[in-house]
$ cat structure_14.cif   # mmCIF, C-alpha atoms
data_model
#
loop_
_atom_site.label_atom_id
_atom_site.label_comp_id
_atom_site.auth_asym_id
_atom_site.auth_seq_id
_atom_site.Cartn_x
_atom_site.Cartn_y
_atom_site.Cartn_z
CA MET G 155 -93.59 -80.11 22.50
CA ALA G 156 -89.97 -81.04 22.98
CA GLY G 157 -89.52 -81.49 19.23
CA ASP G 158 -91.05 -78.14 18.50
CA SER G 159 -88.66 -76.42 20.98
CA THR G 160 -85.62 -78.07 19.45
CA THR G 161 -86.70 -77.03 15.98
CA SER G 162 -87.29 -73.43 17.07
CA PHE G 163 -83.89 -73.21 18.80
CA SER G 164 -82.10 -74.58 15.73
CA LEU G 165 -83.85 -72.02 13.51
CA LEU G 166 -82.94 -69.19 15.86
CA HIS G 167 -79.32 -70.34 15.98
CA ARG G 168 -79.01 -70.33 12.20
CA THR G 169 -80.65 -66.91 12.01
CA CYS G 170 -78.15 -65.43 14.50
CA LYS G 171 -75.22 -66.87 12.59
CA LEU G 172 -76.55 -65.32 9.40
CA VAL G 173 -76.95 -61.93 11.07
CA VAL G 174 -73.40 -62.07 12.45
CA LEU G 175 -72.06 -63.00 9.01
CA LEU G 176 -73.93 -60.12 7.39
CA CYS G 177 -72.55 -57.68 10.01
CA PHE G 178 -69.01 -58.88 9.42
CA LEU G 179 -69.44 -58.52 5.68
CA HIS G 180 -70.82 -55.01 6.09
CA ILE G 181 -67.91 -53.97 8.30
CA SER G 182 -65.36 -55.38 5.82
CA VAL G 183 -66.90 -53.50 2.92
CA THR G 184 -66.96 -50.29 4.96
CA VAL G 185 -63.24 -50.61 5.88
CA VAL G 186 -62.25 -51.22 2.26
CA PHE G 187 -64.12 -48.17 1.03
CA TYR G 188 -62.68 -46.04 3.85
CA VAL G 189 -59.08 -46.97 3.03
CA ARG G 190 -59.62 -46.27 -0.65
CA SER G 191 -61.07 -42.85 0.14
CA LEU G 192 -57.94 -42.01 2.18
CA ASP G 193 -55.67 -42.88 -0.78
CA ILE G 194 -57.71 -40.66 -3.08
CA ARG G 195 -57.57 -37.71 -0.68
CA PHE G 196 -53.82 -38.11 -0.16
CA ALA G 197 -53.17 -38.19 -3.91
CA PHE G 198 -55.34 -35.13 -4.38
CA ALA G 199 -53.42 -33.23 -1.69
CA GLN G 200 -50.10 -34.11 -3.31
CA ASN G 201 -51.34 -32.96 -6.67
CA GLN G 202 -52.50 -29.65 -5.22
CA GLN G 203 -49.16 -29.06 -3.50
CA SER G 204 -47.19 -29.80 -6.67
CA HIS G 205 -49.40 -27.44 -8.63
CA HIS G 206 -48.85 -24.70 -6.03
CA VAL G 207 -45.05 -25.04 -6.14
CA THR G 208 -45.03 -24.99 -9.93
CA THR G 209 -47.16 -21.88 -9.95
CA GLN G 210 -44.84 -20.10 -7.46
CA THR G 211 -41.74 -21.06 -9.49
CA ASN G 212 -43.25 -19.73 -12.69
CA ARG G 213 -44.10 -16.50 -10.92
CA VAL G 214 -40.52 -16.09 -9.72
CA ARG G 215 -39.14 -16.82 -13.19
CA ASN G 216 -41.54 -14.36 -14.75
CA THR G 217 -40.43 -11.61 -12.36
CA GLU G 218 -36.77 -12.27 -13.25
CA LEU G 219 -37.34 -11.75 -16.95
CA PRO G 220 -36.32 -8.42 -18.52
CA ARG G 221 -39.12 -5.91 -19.04
CA GLU G 222 -39.42 -3.28 -21.72
CA LYS G 223 -41.35 -0.13 -20.85
CA GLY G 224 -43.34 -1.91 -18.14
CA VAL G 225 -44.54 -4.76 -20.33
CA ALA G 226 -43.61 -8.25 -19.05
CA ALA G 227 -41.71 -10.42 -21.45
CA GLU G 228 -43.44 -13.62 -22.51
CA LEU G 229 -41.90 -17.06 -22.44
CA ASP G 230 -42.24 -19.63 -25.13
CA PRO G 231 -42.06 -23.39 -24.36
CA GLN G 232 -38.38 -23.52 -25.28
CA GLN G 233 -37.63 -20.74 -22.82
CA ASN G 234 -39.57 -22.55 -20.12
CA ARG G 235 -37.40 -25.63 -20.55
CA ASN G 236 -34.16 -23.61 -20.33
CA ASP G 237 -35.31 -21.30 -17.55
CA LYS G 238 -33.67 -18.37 -19.42
CA PRO G 239 -35.01 -16.31 -22.32
CA GLU G 240 -32.98 -16.32 -25.51
CA LEU G 241 -31.99 -12.87 -26.70
CA PRO G 242 -32.23 -11.90 -30.35
CA LYS G 243 -28.94 -12.43 -32.14
CA ASP G 244 -28.69 -8.77 -33.15
CA GLU G 245 -28.96 -7.50 -29.54
CA PRO G 246 -25.96 -7.34 -27.19
CA LYS G 247 -25.86 -9.53 -24.12
CA PRO G 248 -26.83 -7.85 -20.87
CA PRO G 249 -23.82 -6.58 -18.88
CA GLU G 250 -22.54 -8.76 -16.09
CA GLN G 251 -23.18 -7.70 -12.54
CA PRO G 252 -20.44 -5.25 -11.52
CA VAL G 253 -17.86 -6.58 -9.10
CA GLU G 254 -18.21 -4.96 -5.71
CA GLU G 255 -15.74 -2.08 -5.46
CA LYS G 256 -12.90 -2.46 -3.03
CA LYS G 257 -13.32 -0.55 0.15
CA LYS G 258 -11.38 2.69 -0.01
CA LEU G 259 -8.41 2.75 2.33
CA GLU G 260 -8.28 5.36 5.05
CA LYS G 261 -5.35 7.69 5.66
CA CYS G 262 -2.55 6.27 7.78
CA PRO G 263 -2.43 7.81 11.27
CA GLU G 264 -0.23 10.83 11.84
CA THR G 265 1.96 8.71 14.14
CA SER G 266 2.40 5.14 12.95
CA PRO G 267 1.36 2.44 15.46
CA LEU G 268 4.19 0.22 14.16
CA LEU G 269 7.04 2.25 15.65
CA VAL G 270 9.26 0.56 18.23
CA GLY G 271 11.33 3.49 19.53
CA PRO G 272 15.10 3.42 20.25
CA LEU G 273 17.16 1.11 18.03
CA ARG G 274 20.50 -0.59 18.41
CA VAL G 275 22.69 0.39 15.48
CA GLU G 276 25.93 -1.51 14.93
CA PHE G 277 28.38 -1.64 12.01
CA ASN G 278 30.57 -4.57 13.05
CA ILE G 279 28.49 -7.30 11.38
CA PRO G 280 28.69 -7.48 7.55
CA VAL G 281 25.41 -7.33 5.61
CA SER G 282 24.65 -8.28 2.01
CA LEU G 283 22.16 -6.97 -0.52
CA ASP G 284 20.60 -10.44 -0.84
CA GLN G 285 20.03 -10.55 2.91
CA ILE G 286 18.41 -7.12 2.90
CA LYS G 287 16.16 -8.12 0.00
CA LYS G 288 14.95 -11.25 1.84
CA GLU G 289 14.20 -9.24 4.96
CA ASN G 290 12.15 -6.69 2.98
CA PRO G 291 9.85 -8.78 0.74
CA ASN G 292 7.31 -5.97 0.22
CA LEU G 293 9.71 -3.68 -1.61
CA GLN G 294 9.00 -2.96 -5.26
CA PRO G 295 11.75 -2.56 -7.91
CA GLY G 296 13.72 0.63 -7.48
CA GLY G 297 13.38 0.62 -3.70
CA ARG G 298 9.72 1.65 -3.78
CA PHE G 299 7.22 0.97 -1.02
CA ARG G 300 3.73 2.00 0.01
CA PRO G 301 1.56 0.71 2.90
CA ARG G 302 -1.04 -1.91 2.04
CA ASP G 303 -3.64 -1.23 4.71
CA CYS G 304 -3.80 2.58 4.61
CA VAL G 305 -2.93 5.58 2.44
CA ALA G 306 0.38 7.15 3.44
CA GLN G 307 0.35 10.66 4.85
CA GLN G 308 3.12 11.70 2.46
CA LYS G 309 4.90 10.62 -0.72
CA VAL G 310 8.60 10.84 0.10
CA ALA G 311 11.67 10.65 -2.15
CA ILE G 312 14.86 9.78 -0.27
CA ILE G 313 17.83 11.37 -2.08
CA ILE G 314 21.37 10.09 -1.34
CA PRO G 315 24.42 11.78 -2.92
CA PHE G 316 26.89 9.02 -3.66
CA ARG G 317 30.23 7.92 -5.00
CA LYS G 318 32.20 4.77 -4.16
CA ARG G 319 30.52 4.13 -0.80
CA ASP G 320 28.97 0.72 -1.44
CA GLU G 321 29.67 -0.74 2.02
CA HIS G 322 28.11 2.27 3.72
CA LEU G 323 25.11 2.03 1.41
CA LYS G 324 24.48 -1.58 2.49
CA TYR G 325 24.20 -0.53 6.13
CA TRP G 326 21.94 2.38 5.19
CA LEU G 327 19.60 0.08 3.27
CA TYR G 328 19.75 -2.56 6.01
CA TYR G 329 18.57 -0.16 8.73
CA LEU G 330 16.48 2.39 6.85
CA HIS G 331 14.15 0.21 4.80
CA PRO G 332 12.53 -1.41 7.87
CA ILE G 333 12.34 1.98 9.60
CA LEU G 334 10.70 3.72 6.64
CA GLN G 335 8.18 0.90 6.25
CA ARG G 336 7.23 1.05 9.94
CA GLN G 337 6.75 4.79 9.49
CA GLN G 338 4.07 3.93 6.87
CA LEU G 339 5.55 6.15 4.17
CA ASP G 340 4.94 5.96 0.45
CA TYR G 341 8.60 6.28 -0.46
CA GLY G 342 11.34 5.62 -3.00
CA VAL G 343 15.12 5.53 -2.51
CA TYR G 344 17.26 7.34 -5.12
CA VAL G 345 21.04 6.96 -5.02
CA ILE G 346 22.54 9.73 -7.18
CA ASN G 347 25.96 8.52 -8.22
CA GLN G 348 28.47 11.10 -9.48
CA ASP G 349 30.22 9.74 -12.53
CA GLY G 350 33.95 10.18 -13.13
CA ASP G 351 36.66 11.40 -10.80
CA GLU G 352 36.03 15.14 -10.68
CA ILE G 353 35.67 16.92 -7.34
CA PHE G 354 32.56 15.80 -5.49
CA ASN G 355 29.53 18.13 -5.51
CA ARG G 356 27.03 17.04 -2.86
CA ALA G 357 24.49 19.85 -3.27
CA LYS G 358 24.29 19.54 -7.04
CA LEU G 359 23.68 15.80 -6.72
CA LEU G 360 20.80 16.57 -4.36
CA ASN G 361 19.31 18.88 -6.99
CA VAL G 362 19.65 16.12 -9.56
CA GLY G 363 17.90 13.68 -7.23
CA TYR G 364 14.99 16.09 -6.80
CA ALA G 365 14.59 16.54 -10.57
CA GLU G 366 14.95 12.84 -11.44
CA ALA G 367 12.60 11.59 -8.71
CA LEU G 368 9.81 13.87 -9.93
CA LYS G 369 10.09 12.31 -13.39
CA GLU G 370 8.86 9.04 -11.87
CA TYR G 371 6.28 9.97 -9.24
CA ASP G 372 4.42 12.93 -7.79
CA TYR G 373 6.48 13.20 -4.62
CA GLY G 374 5.58 16.04 -2.30
CA CYS G 375 8.38 15.57 0.22
CA PHE G 376 12.14 15.14 -0.21
CA VAL G 377 14.59 13.76 2.36
CA PHE G 378 18.23 14.55 1.60
CA SER G 379 20.48 12.08 3.42
CA ASP G 380 24.18 11.33 3.60
CA VAL G 381 24.85 7.63 3.08
CA ASP G 382 26.73 7.20 6.36
CA LEU G 383 24.07 8.42 8.83
CA ILE G 384 21.63 6.03 10.52
CA PRO G 385 18.81 7.17 12.86
CA MET G 386 18.70 5.51 16.28
CA ASP G 387 14.96 5.94 16.90
CA ASP G 388 12.20 5.24 14.40
CA HIS G 389 10.06 8.03 15.90
CA ASN G 390 12.40 10.34 13.96
CA THR G 391 10.06 10.24 10.97
CA TYR G 392 11.60 10.81 7.55
CA LYS G 393 8.88 13.12 6.28
CA CYS G 394 8.17 16.83 5.81
CA PHE G 395 6.79 19.36 8.28
CA SER G 396 5.41 22.88 8.20
CA GLN G 397 9.01 24.14 8.31
CA PRO G 398 12.17 22.59 6.80
CA ARG G 399 13.20 19.70 9.05
CA HIS G 400 16.67 18.83 10.32
CA LEU G 401 16.60 15.08 11.02
CA SER G 402 20.17 14.30 12.13
CA VAL G 403 19.84 16.40 15.28
CA SER G 404 22.40 14.78 17.57
CA MET G 405 25.13 12.65 16.01
CA ASP G 406 27.66 10.51 17.85
CA LYS G 407 30.34 12.33 15.85
CA PHE G 408 29.50 15.49 17.87
CA GLY G 409 28.93 13.72 21.18
CA PHE G 410 25.16 13.60 20.51
CA ARG G 411 24.95 17.37 20.61
CA LEU G 412 24.04 19.90 17.95
CA PRO G 413 27.33 21.55 16.85
CA TYR G 414 25.66 24.97 16.33
CA ASN G 415 22.10 26.28 16.00
CA GLN G 416 22.29 26.98 12.26
CA TYR G 417 23.56 23.48 11.44
CA PHE G 418 21.50 21.89 8.65
CA GLY G 419 23.86 19.14 7.44
CA GLY G 420 23.61 15.35 7.43
CA VAL G 421 19.93 14.53 6.95
CA SER G 422 17.17 17.05 6.26
CA SER G 423 13.74 17.21 4.65
CA MET G 424 11.80 19.80 2.69
CA SER G 425 8.46 19.83 0.98
CA LYS G 426 8.34 20.60 -2.72
CA GLU G 427 7.02 24.09 -1.95
CA GLN G 428 9.79 24.82 0.57
CA TYR G 429 12.45 23.55 -1.81
CA LEU G 430 11.24 25.66 -4.73
CA LYS G 431 10.89 28.71 -2.49
CA ILE G 432 14.70 28.75 -2.03
CA ASN G 433 15.44 27.77 -5.66
CA GLY G 434 16.75 24.41 -4.47
CA PHE G 435 20.39 24.02 -3.50
CA PRO G 436 23.52 25.75 -4.83
CA ASN G 437 25.32 24.07 -7.72
CA ASN G 438 28.72 25.69 -7.25
CA TYR G 439 30.02 24.12 -4.04
CA TRP G 440 32.74 21.76 -5.22
CA GLY G 441 34.46 19.75 -2.50
CA TRP G 442 33.63 19.30 1.17
CA GLY G 443 31.73 21.82 3.29
CA GLY G 444 29.73 25.00 2.97
CA GLU G 445 26.66 23.91 1.05
CA ASP G 446 24.56 23.13 4.16
CA ASP G 447 25.26 26.61 5.58
CA ASP G 448 24.33 28.11 2.22
CA ILE G 449 21.04 26.21 2.38
CA TYR G 450 20.38 27.55 5.87
CA ASN G 451 20.96 31.10 4.61
CA ARG G 452 18.50 30.49 1.80
CA LEU G 453 15.85 29.33 4.24
CA ALA G 454 16.38 32.28 6.55
CA SER G 455 16.23 34.76 3.65
CA ARG G 456 12.79 33.38 2.75
CA GLY G 457 11.47 33.68 6.29
CA MET G 458 11.61 29.99 7.14
CA SER G 459 13.04 28.40 10.26
CA ILE G 460 14.45 24.96 11.04
CA SER G 461 12.24 22.36 12.69
CA ARG G 462 13.85 19.67 14.83
CA ALA G 463 12.86 16.70 16.94
CA SER G 464 14.20 16.41 20.46
CA GLY G 465 17.84 15.44 20.94
CA ASP G 466 16.87 11.93 22.09
CA ILE G 467 14.57 11.23 19.13
CA GLY G 468 17.01 12.79 16.64
CA ARG G 469 20.04 10.72 17.66
CA CYS G 470 22.09 9.29 14.76
CA ARG G 471 25.16 7.15 14.31
CA MET G 472 27.76 7.83 11.65
CA ILE G 473 29.76 5.11 9.96
CA ARG G 474 33.38 5.97 10.63
CA HIS G 475 35.47 6.45 7.51
CA GLU G 476 38.23 8.49 6.02
CA ARG G 477 37.32 11.44 3.86
CA ASP G 478 36.70 10.47 0.25
CA LYS G 479 39.26 11.23 -2.39
CA GLN G 480 38.37 14.21 -4.57
CA ASN G 481 36.32 15.64 -1.70
CA ASP G 482 38.83 17.94 -0.07
CA PRO G 483 37.60 20.99 1.85
CA ASN G 484 36.26 23.70 -0.42
CA PRO G 485 38.51 26.78 -0.07
CA GLN G 486 35.80 29.05 -1.53
CA ARG G 487 33.05 27.98 0.85
CA PHE G 488 33.26 30.92 3.28
CA ASP G 489 33.15 33.52 0.51
CA ARG G 490 30.21 31.80 -1.16
CA ILE G 491 28.30 31.50 2.13
CA ALA G 492 28.68 35.23 2.68
CA HIS G 493 26.99 35.98 -0.67
CA THR G 494 24.08 33.53 -0.58
CA ARG G 495 21.42 36.24 -0.86
CA ASP G 496 23.09 37.57 -4.00
CA THR G 497 23.53 34.21 -5.74
CA MET G 498 20.53 32.09 -4.70
CA ASN G 499 18.12 33.39 -7.34
CA LYS G 500 20.45 32.49 -10.21
CA ASP G 501 22.22 29.45 -8.74
CA GLY G 502 19.90 26.56 -7.97
CA ILE G 503 17.34 24.18 -9.42
CA LYS G 504 16.42 26.70 -12.13
CA SER G 505 19.98 26.74 -13.47
CA LEU G 506 20.73 23.02 -12.97
CA THR G 507 22.50 21.24 -15.82
CA TYR G 508 23.67 17.62 -15.87
CA LYS G 509 23.73 14.53 -18.05
CA VAL G 510 22.21 11.19 -17.08
CA VAL G 511 24.65 8.38 -17.81
CA LYS G 512 22.64 5.40 -16.56
CA VAL G 513 19.45 4.62 -14.61
CA GLU G 514 19.32 1.26 -12.80
CA LYS G 515 16.15 -0.04 -11.17
CA LEU G 516 17.63 -2.33 -8.55
CA ASP G 517 15.79 -4.36 -5.93
CA LEU G 518 16.54 -2.03 -3.03
CA PHE G 519 17.04 1.37 -4.68
CA THR G 520 17.14 3.32 -7.90
CA LYS G 521 20.70 4.18 -8.91
CA ILE G 522 21.08 7.16 -11.22
CA THR G 523 24.60 7.80 -12.48
CA VAL G 524 25.09 11.37 -13.69
CA ASP G 525 27.76 13.61 -15.10
CA VAL G 526 27.54 16.91 -13.19
CA GLY G 527 30.48 18.50 -14.95
CA LYS G 528 33.42 20.10 -13.17
CA PRO G 529 34.32 23.40 -11.51
#

$ encode --input "structure_14.cif" --output "structure tokens"
Amino acid sequence: MAGDSTTSFSLLHRTCKLVVLLCFLHISVTVVFYVRSLDIRFAFAQNQQSHHVTTQTNRVRNTELPREKGVAAELDPQQNRNDKPELPKDEPKPPEQPVEEKKKLEKCPETSPLLVGPLRVEFNIPVSLDQIKKENPNLQPGGRFRPRDCVAQQKVAIIIPFRKRDEHLKYWLYYLHPILQRQQLDYGVYVINQDGDEIFNRAKLLNVGYAEALKEYDYGCFVFSDVDLIPMDDHNTYKCFSQPRHLSVSMDKFGFRLPYNQYFGGVSSMSKEQYLKINGFPNNYWGWGGEDDDIYNRLASRGMSISRASGDIGRCRMIRHERDKQNDPNPQRFDRIAHTRDTMNKDGIKSLTYKVVKVEKLDLFTKITVDVGKP
């Protein structure tokens, strides 16, 4: 009996071991097949994703191709490799995309935000043209300037009658260029130099400046300025108004008071229309004095009045100097002033004659030397 029990137990033990071995083998095979199935599914997913991306790219490329009458252009294999269709040799290349247009500038404000108000004007420190040029780097040849960030309200020609006043001109350029730029003007400076040694004719030189400036640019406003007068407040804008403007309202020469109500000398401005309405300035005032009163009479005879800033804003300083040679007081001025209404239609811009001797486009101004004849 004992032998039979031992034999049975041994048989059962071997059977259990065999069952355990078979279970282990089955589990191993199952794990192997499971891992392999994961690899296959992962590879399949990658392949599907790649195919989807390729399809989307081809769609995008196809939509970027040129179309003719609604029919999509077809790609050949060579075009697919280069991503761009080749055009027939006899057809022009498509135009490049236009560059975005620059934003149009707005008009400058009526009153410039750059103004600083009252200025200290001194003539005891020498200045040089090189110094002035360095301090005004935005000037163009000929003394031209226009604002960069807005469109100027007016195009202004500054006309200076001139002869042998170079030191005074330096101070004028030194002070006025910064002022005019802060006033946001589109301006040019024209120094009209009388050639020779004949008697000086201020008004005729102003007429010449008007005519010569218009040959270069479509100015609509003209400021007529003596070379020795400097404004003391940059709110005294060198531009034109609805009426002719007197800019040198209160000069230190006259104790900062207006000498008389009809005074229109020193610095003044007129629009092109106002200037032509009075036939410009007289050409027959040789020597000092009288022409500014003649101009006032012309304005009054055409129904215009003088516009002025306040006495504080219109303050000016004059560079002290002796009267120029060949600029003695005009003995005929009173008689001519009395007959302005009779002479203004035939004596003015319409009858102007002169000869240009030289035009110089300098860094800070345009110098025009002219022969205006003689009395």

$ resolve_selection --input "structure_14.cif" --expression "the PyMOL selection byres ((chain G and resi 388) around 12)" --output "MDAnalysis selection string"
chainID G and resid 265:275 329:338 384:387 389:393 401 463 466:470

$ residues_near_point --input "structure_14.cif" --point "(31.2, 10.2, -12.3)" --cutoff "8 Å" --atoms "all atoms listed in the file" --output "PyMOL selection string"
chain G and resi 317+347-352+523-526

$ write_last_selection --input "structure_14.cif" --atoms "C-alpha atoms" --output "JSON list (two decimals), in the coordinates of the input"
[["chain", "number", "residue", "atom", "x", "y", "z"],
["G", 317, "ARG", "CA", 30.23, 7.92, -5.00],
["G", 347, "ASN", "CA", 25.96, 8.52, -8.22],
["G", 348, "GLN", "CA", 28.47, 11.10, -9.48],
["G", 349, "ASP", "CA", 30.22, 9.74, -12.53],
["G", 350, "GLY", "CA", 33.95, 10.18, -13.13],
["G", 351, "ASP", "CA", 36.66, 11.40, -10.80],
["G", 352, "GLU", "CA", 36.03, 15.14, -10.68],
["G", 523, "THR", "CA", 24.60, 7.80, -12.48],
["G", 524, "VAL", "CA", 25.09, 11.37, -13.69],
["G", 525, "ASP", "CA", 27.76, 13.61, -15.10],
["G", 526, "VAL", "CA", 27.54, 16.91, -13.19]]

$ resolve_selection --input "structure_14.cif" --expression "the PyMOL selection byres ((chain G and resi 361) around 9)" --output "list in words"
Arg356, Ala357, Lys358, Leu359, Leu360, Val362, Gly363, Tyr364, Ala365, Glu366, Gly434, Phe435, Pro436, Asn437, Gly502, Ile503 and Leu506 of chain G

$ resolve_selection --input "structure_14.cif" --expression "the PyMOL selection byres ((chain G and resi 450) around 9)" --output "list in words"
Gln416, Tyr417, Phe418, Glu445, Asp446, Asp447, Asp448, Ile449, Asn451, Arg452, Leu453, Ala454, Ser455, Ser459 and Ile460 of chain G

$ closest_residue --input "structure_14.cif" --among "G:Ile473, G:Ile522, G:Cys394, G:Val381" --to "Ser461 in chain G" --atoms "all atoms listed in the file"
G:Cys394

$ atom_distance --input "structure_14.cif" --atom1 "CA of Pro483 in chain G" --atom2 "CA of Tyr344 in chain G"
25.5 Å

$ atom_distance --input "structure_14.cif" --atom1 "CA of Ser464 in chain G" --atom2 "CA of Gly409 in chain G"
15.0 Å

$ atom_distance --input "structure_14.cif" --atom1 "CA of Ser505 in chain G" --atom2 "CA of Leu323 in chain G"
29.3 Å

$ closest_residue --input "structure_14.cif" --among "G:Lys288, G:Arg487, G:Arg471, G:Lys171" --to "Trp326 in chain G" --atoms "all atoms listed in the file"
G:Arg471

$ residues_around --input "structure_14.cif" --residues "Phe299 in chain G" --least-positions-apart "3" --cutoff "8 Å" --atoms "only C-alpha atoms" --output "ChimeraX atom specification"
/G:292-294,335,339-342

$ closest_residue --input "structure_14.cif" --among "G:Gly420, G:Gly443, G:Pro263, G:Pro295" --to "Leu518 in chain G" --atoms "all atoms listed in the file"
G:Pro295

$ closest_residue --input "structure_14.cif" --among "G:Phe519, G:Tyr325, G:Tyr439, G:Phe316" --to "Gly297 in chain G" --atoms "only C-alpha atoms"
G:Phe519

$ decode --input "structure_14.cif" --residues "range 392-403 of chain G" --atoms "N, CA, C and O atoms" --output "PDB file, in the first residue's frame"
ATOM      1  N   TYR G 392       6.071 132.945 -39.779  1.00  0.00           N
ATOM      2  CA  TYR G 392       6.399 133.525 -41.079  1.00  0.00           C
ATOM      3  C   TYR G 392       5.577 132.826 -42.162  1.00  0.00           C
ATOM      4  O   TYR G 392       6.088 132.031 -42.956  1.00  0.00           O
ATOM      5  N   LYS G 393       4.297 133.158 -42.202  1.00  0.00           N
ATOM      6  CA  LYS G 393       3.400 132.584 -43.197  1.00  0.00           C
ATOM      7  C   LYS G 393       2.394 133.642 -43.627  1.00  0.00           C
ATOM      8  O   LYS G 393       2.484 134.802 -43.219  1.00  0.00           O
ATOM      9  N   CYS G 394       1.430 133.257 -44.460  1.00  0.00           N
ATOM     10  CA  CYS G 394       0.449 134.203 -44.972  1.00  0.00           C
ATOM     11  C   CYS G 394      -0.896 134.024 -44.274  1.00  0.00           C
ATOM     12  O   CYS G 394      -1.225 132.939 -43.781  1.00  0.00           O
ATOM     13  N   PHE G 395      -1.670 135.112 -44.278  1.00  0.00           N
ATOM     14  CA  PHE G 395      -2.962 135.141 -43.612  1.00  0.00           C
ATOM     15  C   PHE G 395      -4.022 135.649 -44.586  1.00  0.00           C
ATOM     16  O   PHE G 395      -3.720 135.928 -45.751  1.00  0.00           O
ATOM     17  N   SER G 396      -5.237 135.776 -44.111  1.00  0.00           N
ATOM     18  CA  SER G 396      -6.326 136.197 -44.997  1.00  0.00           C
ATOM     19  C   SER G 396      -6.135 137.627 -45.490  1.00  0.00           C
ATOM     20  O   SER G 396      -6.700 138.023 -46.514  1.00  0.00           O
ATOM     21  N   GLN G 397      -5.345 138.408 -44.745  1.00  0.00           N
ATOM     22  CA  GLN G 397      -4.973 139.755 -45.169  1.00  0.00           C
ATOM     23  C   GLN G 397      -3.446 139.851 -45.161  1.00  0.00           C
ATOM     24  O   GLN G 397      -2.775 139.086 -44.476  1.00  0.00           O
ATOM     25  N   PRO G 398      -2.867 140.774 -45.935  1.00  0.00           N
ATOM     26  CA  PRO G 398      -1.411 140.965 -45.886  1.00  0.00           C
ATOM     27  C   PRO G 398      -0.951 141.140 -44.439  1.00  0.00           C
ATOM     28  O   PRO G 398      -1.588 141.834 -43.653  1.00  0.00           O
ATOM     29  N   ARG G 399       0.166 140.505 -44.110  1.00  0.00           N
ATOM     30  CA  ARG G 399       0.623 140.436 -42.723  1.00  0.00           C
ATOM     31  C   ARG G 399       1.887 141.259 -42.507  1.00  0.00           C
ATOM     32  O   ARG G 399       2.862 141.116 -43.258  1.00  0.00           O
ATOM     33  N   HIS G 400       1.866 142.112 -41.487  1.00  0.00           N
ATOM     34  CA  HIS G 400       3.070 142.823 -41.072  1.00  0.00           C
ATOM     35  C   HIS G 400       3.664 142.048 -39.909  1.00  0.00           C
ATOM     36  O   HIS G 400       3.020 141.884 -38.869  1.00  0.00           O
ATOM     37  N   LEU G 401       4.892 141.542 -40.074  1.00  0.00           N
ATOM     38  CA  LEU G 401       5.488 140.635 -39.098  1.00  0.00           C
ATOM     39  C   LEU G 401       6.415 141.337 -38.110  1.00  0.00           C
ATOM     40  O   LEU G 401       6.533 140.898 -36.965  1.00  0.00           O
ATOM     41  N   SER G 402       7.087 142.396 -38.540  1.00  0.00           N
ATOM     42  CA  SER G 402       7.978 143.127 -37.621  1.00  0.00           C
ATOM     43  C   SER G 402       7.175 144.232 -36.943  1.00  0.00           C
ATOM     44  O   SER G 402       7.337 145.423 -37.228  1.00  0.00           O
ATOM     45  N   VAL G 403       6.299 143.816 -36.022  1.00  0.00           N
ATOM     46  CA  VAL G 403       5.327 144.739 -35.437  1.00  0.00           C
ATOM     47  C   VAL G 403       5.986 145.749 -34.508  1.00  0.00           C
ATOM     48  O   VAL G 403       5.728 146.956 -34.589  1.00  0.00           O
TER      49      VAL G 403
END
